[in-house]
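final.txt follows; it contains compact mmCIF, C-alpha atoms.
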# COMPACT_ATOMS: atom_id res chain seq x y z
CA MET A 169 16.71 0.26 -3.89
CA ASN A 170 18.16 0.06 -7.37
CA ALA A 171 21.96 -0.03 -7.31
CA PRO A 172 23.63 3.23 -8.27
CA GLU A 173 25.31 3.26 -11.65
CA PRO A 174 29.06 2.40 -11.52
CA SER A 175 30.06 5.87 -12.73
CA THR A 176 28.15 7.59 -9.94
CA GLU A 177 30.26 9.70 -7.63
CA HIS A 178 29.09 10.32 -4.08
CA LEU A 179 29.13 14.05 -3.42
CA GLY A 180 28.25 14.24 0.24
CA THR A 181 25.71 13.77 2.99
CA VAL A 182 23.59 16.52 4.50
CA GLU A 183 21.65 16.02 7.70
CA LEU A 184 18.83 18.19 8.95
CA ARG A 185 16.72 17.88 12.10
CA ILE A 186 13.46 19.79 12.34
CA PRO A 187 10.86 20.03 15.10
CA SER A 188 7.93 17.74 14.40
CA LYS A 189 5.53 20.59 13.76
CA PRO A 190 3.68 21.63 10.58
CA GLU A 191 5.34 25.05 10.40
CA TRP A 192 8.78 23.45 9.98
CA VAL A 193 7.94 21.24 7.01
CA ALA A 194 8.59 24.11 4.60
CA VAL A 195 12.15 24.35 5.94
CA ALA A 196 12.81 20.70 5.07
CA ARG A 197 11.25 21.20 1.67
CA LEU A 198 13.39 24.22 0.84
CA ALA A 199 16.58 22.67 2.22
CA VAL A 200 16.17 19.58 0.06
CA ALA A 201 15.44 21.79 -2.94
CA ALA A 202 18.70 23.65 -2.31
CA ILE A 203 20.60 20.37 -2.16
CA ALA A 204 18.90 19.06 -5.31
CA ASN A 205 19.80 22.31 -7.03
CA ARG A 206 23.47 21.37 -6.73
CA LEU A 207 22.82 18.25 -8.79
CA PRO A 208 21.84 18.28 -12.46
CA PHE A 209 18.12 17.88 -11.75
CA SER A 210 15.61 19.73 -13.89
CA VAL A 211 13.32 22.32 -12.33
CA GLU A 212 10.43 19.85 -12.57
CA GLU A 213 12.43 17.13 -10.85
CA ILE A 214 13.30 19.50 -8.01
CA GLU A 215 9.62 20.34 -7.60
CA ASP A 216 8.90 16.60 -7.41
CA LEU A 217 11.54 16.22 -4.70
CA LYS A 218 10.17 19.14 -2.69
CA LEU A 219 6.71 17.66 -2.65
CA ALA A 220 7.91 14.13 -1.85
CA ILE A 221 10.01 15.28 1.13
CA ALA A 222 7.19 17.45 2.45
CA GLU A 223 4.79 14.51 2.18
CA ALA A 224 7.23 12.30 4.09
CA CYS A 225 7.55 14.87 6.90
CA THR A 226 3.77 15.26 7.00
CA ILE A 227 3.35 11.49 7.35
CA CYS A 228 5.80 11.53 10.29
CA ILE A 229 3.85 14.33 11.98
CA GLN A 230 0.44 12.78 11.36
CA ASN A 231 1.53 9.35 12.63
CA GLY A 232 3.77 10.51 15.44
CA ALA A 233 1.86 11.52 18.52
CA GLY A 234 4.50 12.55 21.03
CA ILE A 235 7.46 12.72 18.67
CA GLN A 236 9.66 15.79 19.01
CA THR A 237 11.85 15.85 15.93
CA ILE A 238 12.22 14.55 12.39
CA ASP A 239 15.61 13.75 10.85
CA ILE A 240 16.17 14.24 7.13
CA THR A 241 19.35 12.74 5.70
CA CYS A 242 20.27 13.47 2.10
CA ASP A 243 22.89 11.44 0.26
CA ALA A 244 23.83 13.34 -2.85
CA ALA A 245 25.53 11.71 -5.81
CA THR A 246 26.13 12.82 -9.35
CA SER A 247 23.25 10.76 -10.66
CA TYR A 248 20.79 10.56 -7.78
CA LEU A 249 19.59 11.97 -4.46
CA ARG A 250 18.65 9.55 -1.71
CA VAL A 251 16.64 10.97 1.19
CA GLU A 252 15.85 9.31 4.50
CA VAL A 253 13.11 10.80 6.65
CA ARG A 254 12.55 9.35 10.11
CA ASP A 255 11.00 10.44 13.35
CA ASP A 256 12.81 10.36 16.70
CA ARG A 257 11.26 7.07 17.74
CA GLN A 258 13.00 5.42 14.78
CA ARG A 259 16.26 7.19 15.67
CA THR A 260 16.14 6.01 19.30
CA ARG A 261 15.45 2.52 18.15
CA SER A 262 18.34 2.62 15.71
CA GLU A 263 20.80 4.06 18.28
CA SER A 264 19.86 1.40 20.83
CA GLY A 265 20.87 -1.29 18.38
CA ALA A 266 17.40 -2.71 18.20
CA LYS A 267 16.56 -4.65 15.13
CA ARG A 268 15.26 -2.36 12.45
CA GLY A 269 11.68 -2.87 11.49
CA SER A 270 11.21 -4.34 8.08
CA MET A 271 10.25 -1.95 5.36
CA MET A 272 6.71 -2.66 4.44
CA ALA A 273 3.71 -1.22 2.79
CA VAL A 274 1.06 -0.08 5.23
CA GLU A 275 -2.51 0.33 4.17
CA GLY A 276 -4.30 3.58 4.62
CA GLU A 277 -1.50 6.11 4.31
CA GLY A 278 -3.51 7.85 1.65
CA LEU A 279 -2.49 10.43 -0.86
CA GLY A 280 0.88 11.20 0.71
CA ILE A 281 2.42 7.79 0.10
CA PHE A 282 0.75 7.61 -3.29
CA LEU A 283 2.29 10.92 -4.33
CA ILE A 284 5.77 9.98 -3.12
CA GLN A 285 5.60 6.73 -5.04
CA ALA A 286 4.54 8.60 -8.16
CA LEU A 287 7.17 11.34 -7.90
CA MET A 288 10.22 9.37 -6.78
CA ASP A 289 11.99 6.49 -8.48
CA ASN A 290 12.13 4.34 -5.37
CA LEU A 291 10.40 4.34 -1.99
CA GLU A 292 10.65 2.09 1.03
CA TYR A 293 8.78 2.93 4.18
CA ASN A 294 7.76 1.69 7.56
CA VAL A 295 4.93 3.35 9.44
CA ASP A 296 4.68 1.60 12.77
CA PRO A 297 2.49 2.93 15.60
CA GLN A 298 4.96 1.59 18.16
CA TYR A 299 8.34 2.12 16.56
CA GLY A 300 7.80 5.24 14.50
CA THR A 301 7.88 6.32 10.90
CA GLU A 302 10.69 5.96 8.43
CA LEU A 303 10.73 6.63 4.70
CA VAL A 304 13.69 6.14 2.37
CA MET A 305 13.35 7.46 -1.16
CA THR A 306 15.56 7.98 -4.17
CA LYS A 307 15.25 10.15 -7.23
CA ARG A 308 17.60 9.66 -10.17
CA VAL A 309 18.69 12.50 -12.37
CA GLY A 310 16.86 12.53 -15.67
CA ALA A 311 14.95 9.32 -14.97
CA MET B 58 5.67 30.46 3.96
CA ASP B 59 2.32 32.10 3.52
CA ILE B 60 -1.21 31.59 2.34
CA LYS B 61 -3.59 34.28 1.26
CA VAL B 62 -7.32 33.56 1.28
CA HIS B 63 -9.76 35.98 -0.27
CA VAL B 64 -13.47 35.16 -0.55
CA ARG B 65 -15.78 37.16 -2.80
CA GLU B 66 -19.24 36.80 -4.24
CA SER B 67 -19.40 36.86 -8.01
CA ASP B 68 -22.20 38.34 -10.10
CA ASP B 69 -23.77 34.99 -10.87
CA ASP B 70 -24.62 33.69 -7.40
CA ALA B 71 -21.38 31.78 -7.01
CA TYR B 72 -18.63 32.37 -4.50
CA VAL B 73 -14.99 32.57 -5.44
CA VAL B 74 -12.25 31.53 -3.03
CA GLU B 75 -9.05 33.06 -4.28
CA LEU B 76 -5.93 31.46 -2.85
CA GLY B 77 -2.34 32.57 -3.08
CA GLY B 78 0.93 31.18 -1.79
CA GLU B 79 1.60 27.69 -0.48
CA ILE B 80 -0.98 25.16 0.70
CA ASP B 81 0.60 22.57 2.95
CA VAL B 82 0.14 20.85 6.30
CA TYR B 83 0.66 24.20 8.07
CA THR B 84 -1.52 26.46 5.95
CA SER B 85 -4.29 24.12 4.79
CA PRO B 86 -6.39 24.58 7.99
CA LYS B 87 -6.85 28.23 7.03
CA VAL B 88 -8.13 27.20 3.59
CA LYS B 89 -10.38 24.60 5.17
CA ASP B 90 -11.87 27.19 7.53
CA ALA B 91 -12.72 29.53 4.63
CA ILE B 92 -14.40 26.78 2.59
CA THR B 93 -16.23 25.37 5.61
CA GLU B 94 -17.56 28.79 6.53
CA LEU B 95 -19.00 29.30 3.04
CA ILE B 96 -20.66 25.91 3.05
CA ASP B 97 -22.05 26.45 6.54
CA GLN B 98 -23.59 29.68 5.24
CA GLY B 99 -25.38 27.69 2.52
CA HIS B 100 -23.16 28.45 -0.46
CA TYR B 101 -22.78 25.26 -2.44
CA ASN B 102 -21.44 26.45 -5.80
CA LEU B 103 -17.83 27.42 -5.39
CA VAL B 104 -14.96 28.41 -7.62
CA ILE B 105 -11.57 27.95 -6.02
CA ASN B 106 -8.98 29.97 -7.83
CA LEU B 107 -5.50 28.44 -7.56
CA GLU B 108 -3.82 30.72 -10.10
CA LYS B 109 -1.62 32.35 -7.46
CA VAL B 110 -0.86 29.12 -5.62
CA ARG B 111 2.78 28.11 -5.99
CA TYR B 112 2.59 24.81 -4.14
CA ILE B 113 0.00 22.32 -2.90
CA ASP B 114 0.47 19.03 -1.05
CA SER B 115 -1.80 16.15 -0.08
CA THR B 116 -3.28 18.01 2.89
CA GLY B 117 -4.32 20.82 0.54
CA LEU B 118 -5.81 18.30 -1.86
CA GLY B 119 -7.63 16.75 1.08
CA VAL B 120 -9.21 20.09 1.94
CA LEU B 121 -10.43 20.54 -1.64
CA ILE B 122 -11.81 16.99 -1.75
CA GLY B 123 -13.55 17.50 1.59
CA GLY B 124 -15.16 20.69 0.33
CA LEU B 125 -16.33 19.01 -2.85
CA LYS B 126 -17.87 16.13 -0.91
CA ARG B 127 -19.80 18.52 1.31
CA VAL B 128 -21.20 20.71 -1.47
CA ARG B 129 -22.21 17.67 -3.51
CA GLU B 130 -24.40 16.54 -0.61
CA HIS B 131 -26.39 19.71 -1.31
CA GLY B 132 -26.38 19.43 -5.09
CA GLY B 133 -23.52 21.89 -5.52
CA THR B 134 -20.07 21.63 -6.97
CA VAL B 135 -16.54 23.02 -6.79
CA ASN B 136 -14.70 24.13 -9.91
CA LEU B 137 -11.01 24.96 -9.85
CA VAL B 138 -9.00 27.52 -11.74
CA CYS B 139 -5.47 26.28 -12.24
CA THR B 140 -2.77 27.22 -14.73
CA ASN B 141 0.40 26.17 -12.88
CA PRO B 142 1.79 23.10 -14.72
CA GLN B 143 3.29 21.59 -11.57
CA ILE B 144 -0.02 21.79 -9.72
CA LYS B 145 -1.91 20.48 -12.73
CA LYS B 146 0.52 17.55 -12.71
CA ILE B 147 -0.43 16.74 -9.11
CA PHE B 148 -4.12 16.70 -10.06
CA ASP B 149 -3.24 14.43 -12.98
CA ILE B 150 -1.18 12.00 -10.89
CA THR B 151 -3.87 11.68 -8.24
CA GLY B 152 -6.70 11.33 -10.75
CA LEU B 153 -8.43 14.38 -9.32
CA VAL B 154 -8.78 15.80 -12.84
CA LYS B 155 -11.68 13.37 -13.19
CA ILE B 156 -13.37 14.60 -10.02
CA PHE B 157 -12.95 18.37 -10.23
CA GLY B 158 -13.77 20.67 -13.08
CA ILE B 159 -10.44 22.35 -13.77
CA PHE B 160 -10.37 25.50 -15.87
CA ASP B 161 -7.77 27.91 -17.20
CA ASP B 162 -9.69 31.00 -16.16
CA GLU B 163 -12.30 32.09 -13.67
CA ALA B 164 -14.91 32.94 -16.30
CA GLY B 165 -14.87 29.38 -17.59
CA ALA B 166 -15.07 27.93 -14.09
CA LYS B 167 -18.06 30.14 -13.18
CA LYS B 168 -19.85 29.47 -16.46
CA ALA B 169 -19.58 25.72 -15.86
CA LEU B 170 -21.32 26.08 -12.50
CA ALA B 171 -24.47 27.33 -14.15

Produce structure tokens that represent the structure in this file.
Amino acid sequence: MNAPEPSTEHLGTVELRIPSKPEWVAVARLAVAAIANRLPFSVEEIEDLKLAIAEACTICIQNGAGIQTIDITCDAATSYLRVEVRDDRQRTRSESGAKRGSMMAVEGEGLGIFLIQALMDNLEYNVDPQYGTELVMTKRVGA
Amino acid sequence: MDIKVHVRESDDDAYVVELGGEIDVYTSPKVKDAITELIDQGHYNLVINLEKVRYIDSTGLGVLIGGLKRVREHGGTVNLVCTNPQIKKIFDITGLVKIFGIFDDEAGAKKALA
């Protein structure tokens, strides 16, 4: 991830946990839009964020047979919004102190990953059949 | 969150699928069902009107691509009506502007089917 600019002020962290079901993706999308609306993003940038977060949740659902929940963590700063999206297998792994899987590009994730990469300024992700799905993305204001 | 699907036959032997609302991982199966039903009935020239669609994600795009693939196997095509700049941007980013005929109004989309 690109380092935040020195003048950036961290505004707060918002955490959201949704059931890993298609009907809940819209909730994540709208919640992130509400958070982004508190930062000086343009309307178009907020639309980009909404789509990117929804794509990340969809990837978790589509790759997560048996997962129950998806965690969305938003770090808001004056110049950027950083969003982590991970399924509960990744959370369990993290809480147990297990070594975190390396962020890597995985072939075959299709349009979803492609869209996130196009709409956000930075994306790291790990889609692992055994250890779960995790995407970390950042959008800078006015970039 | 909602999706409205309205199918109608136009005067010139084409079928119009008018969509409204949000097309995402939850609602796209309903859109897929409508398109699949038309194709199964032998209708291969379709206009999909997205003018009232506020949001579409990759699963919605996948449904449109799947429909296009199927009608092309029968010599047909799918033209889209789209005026929402944000949705047009998604078609641009994904390169789907080169695959679909995208029109500003339904008359243009239907005329191009002929």

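Relative to CA of Val64 (chain B), CA of Leu153 (chain B) is found at 23.1 Å.
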
- Item | A:Asn205, A:Ser210, A:Thr241, A:Thr226 ranked by distance to chain B, top pick (using only C-alpha atoms) | A:Thr226

- Query: Which is closer to Ile150 (chain B) than all the others in A:Leu179, A:Ile238, A:Leu287, A:Asp255, using all atoms listed in the file?
  - Reply: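 Between A:Leu179, A:Ile238, A:Leu287, A:Asp255, the residue approaching Ile150 (chain B) most closely is A:Leu287.
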
- Pick out the closest residue to chain A from this set: B:Ile156, B:Leu170, B:Thr84, B:Lys145. Count only C-alpha atoms.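 Smallest distance to chain A is found for B:Thr84.
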
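Distances from A:Val253, A:Val200, A:Ile281, A:Ala233 to chain B were compared using only C-alpha atoms, and the smallest one belongs to A:Ile281.
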
- Task: Please report as an MDAnalysis selection string which residues of chain A come no farther than 6 Å from chain B, using only C-alpha atoms.
- Result: chainID A and resid 190:191 279:280
